[in-house]
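Colleague: Once you've had a glance at the structure underneath, I'll fire off some questions.
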Amino acid sequence: MKQQNLEFRGNIVDVVGERIFKGIVIVRDSKIAAVREEDNEENVYILPGLIDAHIHIESSMLVPSEFARLAVVHGTIGTVSDPHEIANVLGVKGVRFMIENGKRYPLNFILVHLPVFRPPALRQQVAAWALRSWMNC
């Protein structure tokens with residue numbers, strides 16, 4: 001498979017260094033290979049995407065794919081999602097739905113807080129199924 005090389009020039013927002021500088025982001029094989037300061041005439045801003053560290057997708061009253069469709073246009077690239085609401089109502093079937101539906105749009109969903117499931121057998125079943133599902137993504 002041929003490697004894909006991309007270059008993006010613009011104003012790079014460095015959230016760690018708390019500065020904005022003219023530069024270039026080099027992407028090789030879908031991964032950032034380098035970020036360099038370099039003068040350019042581009043008037044665009046390049047900044048990291050947001051990972052929402054705790055969300056209950058079900059509280060949005062949207063299925064994961066619809067939530068993702070709306071979130072990515074605002075810079076969200078991933079969520080750490082707590083599926084206890086759907087699990088309380090639909091159990092393993094609900095969690096499976098959340099995972100499968102979430103694969104329909106390019107947003108990274110990570111589900112957590114599986115210990116809230118009761119009884120322990122259900123908790124183990126959901127955890128094992130979720131682990132197998134994520135490993136096959």
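Labels used: A, B, ... for chains in the order of the structure tokens, numbers from 1 for residues in each chain, and numbers from 1 for ligands as shown.
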Using only C-alpha atoms, determine which residues lie at most 8 Å from A:Thr76, disregarding the query and same-chain residues fewer than 2 positions distant; provide the list as a list of chain:residue names.

Modeller: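 Once the adjacent positions are removed, what remains is A:Gly49, A:Leu50, A:Ile51, A:Asp52, A:Ala71, A:Val72, A:Val73, A:His74, A:Gly78, A:Thr79, A:Leu107.
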
Colleague: Please list as a PyMOL selection string every residue within 12 Å of A:Gly94, counting only C-alpha atoms and excluding residues in the same chain fewer than 4 positions away.

Modeller: chain A and resi 58+63-64+83-90+98-101+126+130

Colleague: Put those residues in a file: N, CA and C atoms, as a compact mmCIF listing (two decimals), in the first residue's frame.

Modeller:
# COMPACT_ATOMS: atom_id res chain seq x y z
N GLU A 58 -26.59 9.46 25.22
CA GLU A 58 -28.05 9.27 25.27
C GLU A 58 -28.77 10.51 25.78
N VAL A 63 -28.91 9.40 18.52
CA VAL A 63 -28.13 8.17 18.40
C VAL A 63 -26.68 8.60 18.16
N PRO A 64 -25.70 7.73 18.47
CA PRO A 64 -24.30 8.12 18.34
C PRO A 64 -23.92 8.67 16.97
N PRO A 83 -22.13 4.87 28.97
CA PRO A 83 -23.39 4.38 28.42
C PRO A 83 -24.36 3.84 29.47
N HIS A 84 -24.25 4.28 30.73
CA HIS A 84 -25.07 3.65 31.76
C HIS A 84 -26.57 3.88 31.55
N GLU A 85 -26.95 4.97 30.91
CA GLU A 85 -28.38 5.22 30.71
C GLU A 85 -28.98 4.19 29.77
N ILE A 86 -28.33 3.96 28.64
CA ILE A 86 -28.85 2.96 27.70
C ILE A 86 -28.73 1.56 28.28
N ALA A 87 -27.66 1.32 29.04
CA ALA A 87 -27.48 0.01 29.67
C ALA A 87 -28.55 -0.26 30.71
N ASN A 88 -28.95 0.76 31.46
CA ASN A 88 -30.00 0.57 32.46
C ASN A 88 -31.34 0.23 31.82
N VAL A 89 -31.56 0.73 30.62
CA VAL A 89 -32.84 0.51 29.94
C VAL A 89 -32.81 -0.75 29.07
N LEU A 90 -31.73 -0.94 28.29
CA LEU A 90 -31.69 -2.03 27.32
C LEU A 90 -30.57 -3.05 27.56
N MET A 98 -25.18 1.15 20.69
CA MET A 98 -24.37 2.37 20.78
C MET A 98 -23.04 2.17 20.04
N ILE A 99 -22.38 1.05 20.25
CA ILE A 99 -21.09 0.79 19.62
C ILE A 99 -21.25 0.66 18.11
N GLU A 100 -22.18 -0.15 17.67
CA GLU A 100 -22.36 -0.37 16.23
C GLU A 100 -22.80 0.90 15.51
N ASN A 101 -23.74 1.63 16.10
CA ASN A 101 -24.21 2.86 15.48
C ASN A 101 -23.10 3.91 15.44
N VAL A 126 -20.99 -7.51 29.03
CA VAL A 126 -20.85 -6.25 28.30
C VAL A 126 -19.38 -5.92 28.10
N ALA A 130 -17.71 -5.57 24.46
CA ALA A 130 -17.19 -4.26 24.06
C ALA A 130 -15.71 -4.36 23.69

Colleague: Can you pull out the residues contacting A:Val112? Cut-off 7 Å, using only C-alpha atoms, and skip same-chain residues under 2 positions away; I want them as a PyMOL selection string.

Modeller: chain A and resi 80-82+110+114

Colleague: Please produce an output containing N, CA and C atoms for each residue in the selection, written as a PDB file, in the first residue's frame.

Modeller:
ATOM      1  N   VAL A  80     -15.246  10.271  25.435  1.00  0.00           N
ATOM      2  CA  VAL A  80     -15.199   9.196  26.420  1.00  0.00           C
ATOM      3  C   VAL A  80     -16.618   9.163  26.968  1.00  0.00           C
ATOM      4  N   SER A  81     -17.362   8.141  26.557  1.00  0.00           N
ATOM      5  CA  SER A  81     -18.801   8.103  26.796  1.00  0.00           C
ATOM      6  C   SER A  81     -19.166   7.097  27.878  1.00  0.00           C
ATOM      7  N   ASP A  82     -20.079   7.501  28.723  1.00  0.00           N
ATOM      8  CA  ASP A  82     -20.597   6.633  29.777  1.00  0.00           C
ATOM      9  C   ASP A  82     -21.982   6.152  29.335  1.00  0.00           C
ATOM     10  N   ILE A 110     -15.237   6.121  22.910  1.00  0.00           N
ATOM     11  CA  ILE A 110     -14.697   5.165  23.875  1.00  0.00           C
ATOM     12  C   ILE A 110     -15.737   5.072  24.980  1.00  0.00           C
ATOM     13  N   LEU A 114     -18.173   0.654  32.790  1.00  0.00           N
ATOM     14  CA  LEU A 114     -18.901  -0.605  32.741  1.00  0.00           C
ATOM     15  C   LEU A 114     -19.201  -1.179  34.124  1.00  0.00           C
TER      16      LEU A 114
END

Colleague: Pick out the closest residue to A:Ile20 from this set: A:Val35, A:Glu42, A:Leu47, A:Gly91. Count only C-alpha atoms.

Modeller: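 Result for the nearest residue to A:Ile20: A:Leu47.
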
Colleague: Leaving out A:Glu7 and any residue of its chain fewer than 2 positions from it, which residues lie within 7 Å of it when counting only C-alpha atoms, given as a PyMOL selection string?

Modeller: chain A and resi 5+9+24-27

Colleague: For atom CA of A:Ile12 and atom CA of A:Tyr45, determine how far apart the two atoms are, in Å to one decimal place.

Modeller: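 Computed distance, atom CA of A:Ile12 to atom CA of A:Tyr45, equals 5.8 Å.
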
Colleague: Using only C-alpha atoms, find the one residue out of A:Leu6, A:Val44, A:Ala34, A:Ile77 that sits nearest to A:Pro106.

Modeller: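 Checking each of A:Leu6, A:Val44, A:Ala34, A:Ile77 against A:Pro106, counting only C-alpha atoms, the winner is A:Ile77.
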
Colleague: Between atom CA of A:Arg19 and atom CA of A:Lys31, measure the distance and give it in Å to one decimal.

Modeller: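 If I compute the distance from atom CA of A:Arg19 to atom CA of A:Lys31, I get 22.6 Å.
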
Colleague: Taking into account only C-alpha atoms, which residue in the set A:Arg36, A:Ser30, A:Ser65, A:Glu41 is nearest to A:Gly10?

Modeller: A:Glu41

Colleague: Let's see if you can do this: from backbone DSSP, list all strand (DSSP E or B) residues in stretch 55-95 of chain A, as a list in words.

Modeller: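 Output for stretch 55-95 of chain A, strand (DSSP E or B) only: Ile55, Thr76, Ile77, Gly78, Thr79, Val80 and Ser81 of chain A.
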
Colleague: Print the selection's residues with N, CA and C atoms to a file, as a PDB file, in the first residue's frame.

Modeller:
ATOM      1  N   ILE A  55     -19.092  12.214  28.681  1.00  0.00           N
ATOM      2  CA  ILE A  55     -20.384  12.564  28.078  1.00  0.00           C
ATOM      3  C   ILE A  55     -21.312  11.362  28.136  1.00  0.00           C
ATOM      4  N   THR A  76     -14.893  18.438  17.488  1.00  0.00           N
ATOM      5  CA  THR A  76     -14.805  17.281  18.383  1.00  0.00           C
ATOM      6  C   THR A  76     -14.365  16.069  17.578  1.00  0.00           C
ATOM      7  N   ILE A  77     -13.310  15.402  18.031  1.00  0.00           N
ATOM      8  CA  ILE A  77     -12.800  14.234  17.312  1.00  0.00           C
ATOM      9  C   ILE A  77     -13.035  12.938  18.068  1.00  0.00           C
ATOM     10  N   GLY A  78     -13.437  13.047  19.338  1.00  0.00           N
ATOM     11  CA  GLY A  78     -13.674  11.834  20.112  1.00  0.00           C
ATOM     12  C   GLY A  78     -14.394  12.136  21.409  1.00  0.00           C
ATOM     13  N   THR A  79     -14.965  11.090  21.980  1.00  0.00           N
ATOM     14  CA  THR A  79     -15.628  11.216  23.280  1.00  0.00           C
ATOM     15  C   THR A  79     -15.259  10.031  24.147  1.00  0.00           C
ATOM     16  N   VAL A  80     -15.246  10.271  25.435  1.00  0.00           N
ATOM     17  CA  VAL A  80     -15.199   9.196  26.420  1.00  0.00           C
ATOM     18  C   VAL A  80     -16.618   9.163  26.968  1.00  0.00           C
ATOM     19  N   SER A  81     -17.362   8.141  26.557  1.00  0.00           N
ATOM     20  CA  SER A  81     -18.801   8.103  26.796  1.00  0.00           C
ATOM     21  C   SER A  81     -19.166   7.097  27.878  1.00  0.00           C
TER      22      SER A  81
END

Colleague: Given the choices A:Gly17, A:Lys22, A:His56, A:Arg104, which gets closest to A:Ala68 if the distance is worked out from only C-alpha atoms?

Modeller: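 With only C-alpha atoms as the atom set, the closest residue is A:Arg104.
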
Colleague: Using only C-alpha atoms, pick whichever of A:Ile32, A:Val15, A:Phe67, A:Leu62 has the shortest atom-to-atom distance to A:Tyr105.

Modeller: A:Phe67

Colleague: Grab the atom CA of A:Gly102 to atom CA of A:Pro48 distance for me, in Å with one decimal place.

Modeller: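 These atoms are spaced 21.5 Å apart.
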
Colleague: May I have all residues of stretch 26-120 of chain A that DSSP, computed from the backbone, assigns to helix (DSSP H, G or I), given as number ranges by chain?

Modeller: A: 57-60, 64-72, 84-102, 114-116, 120
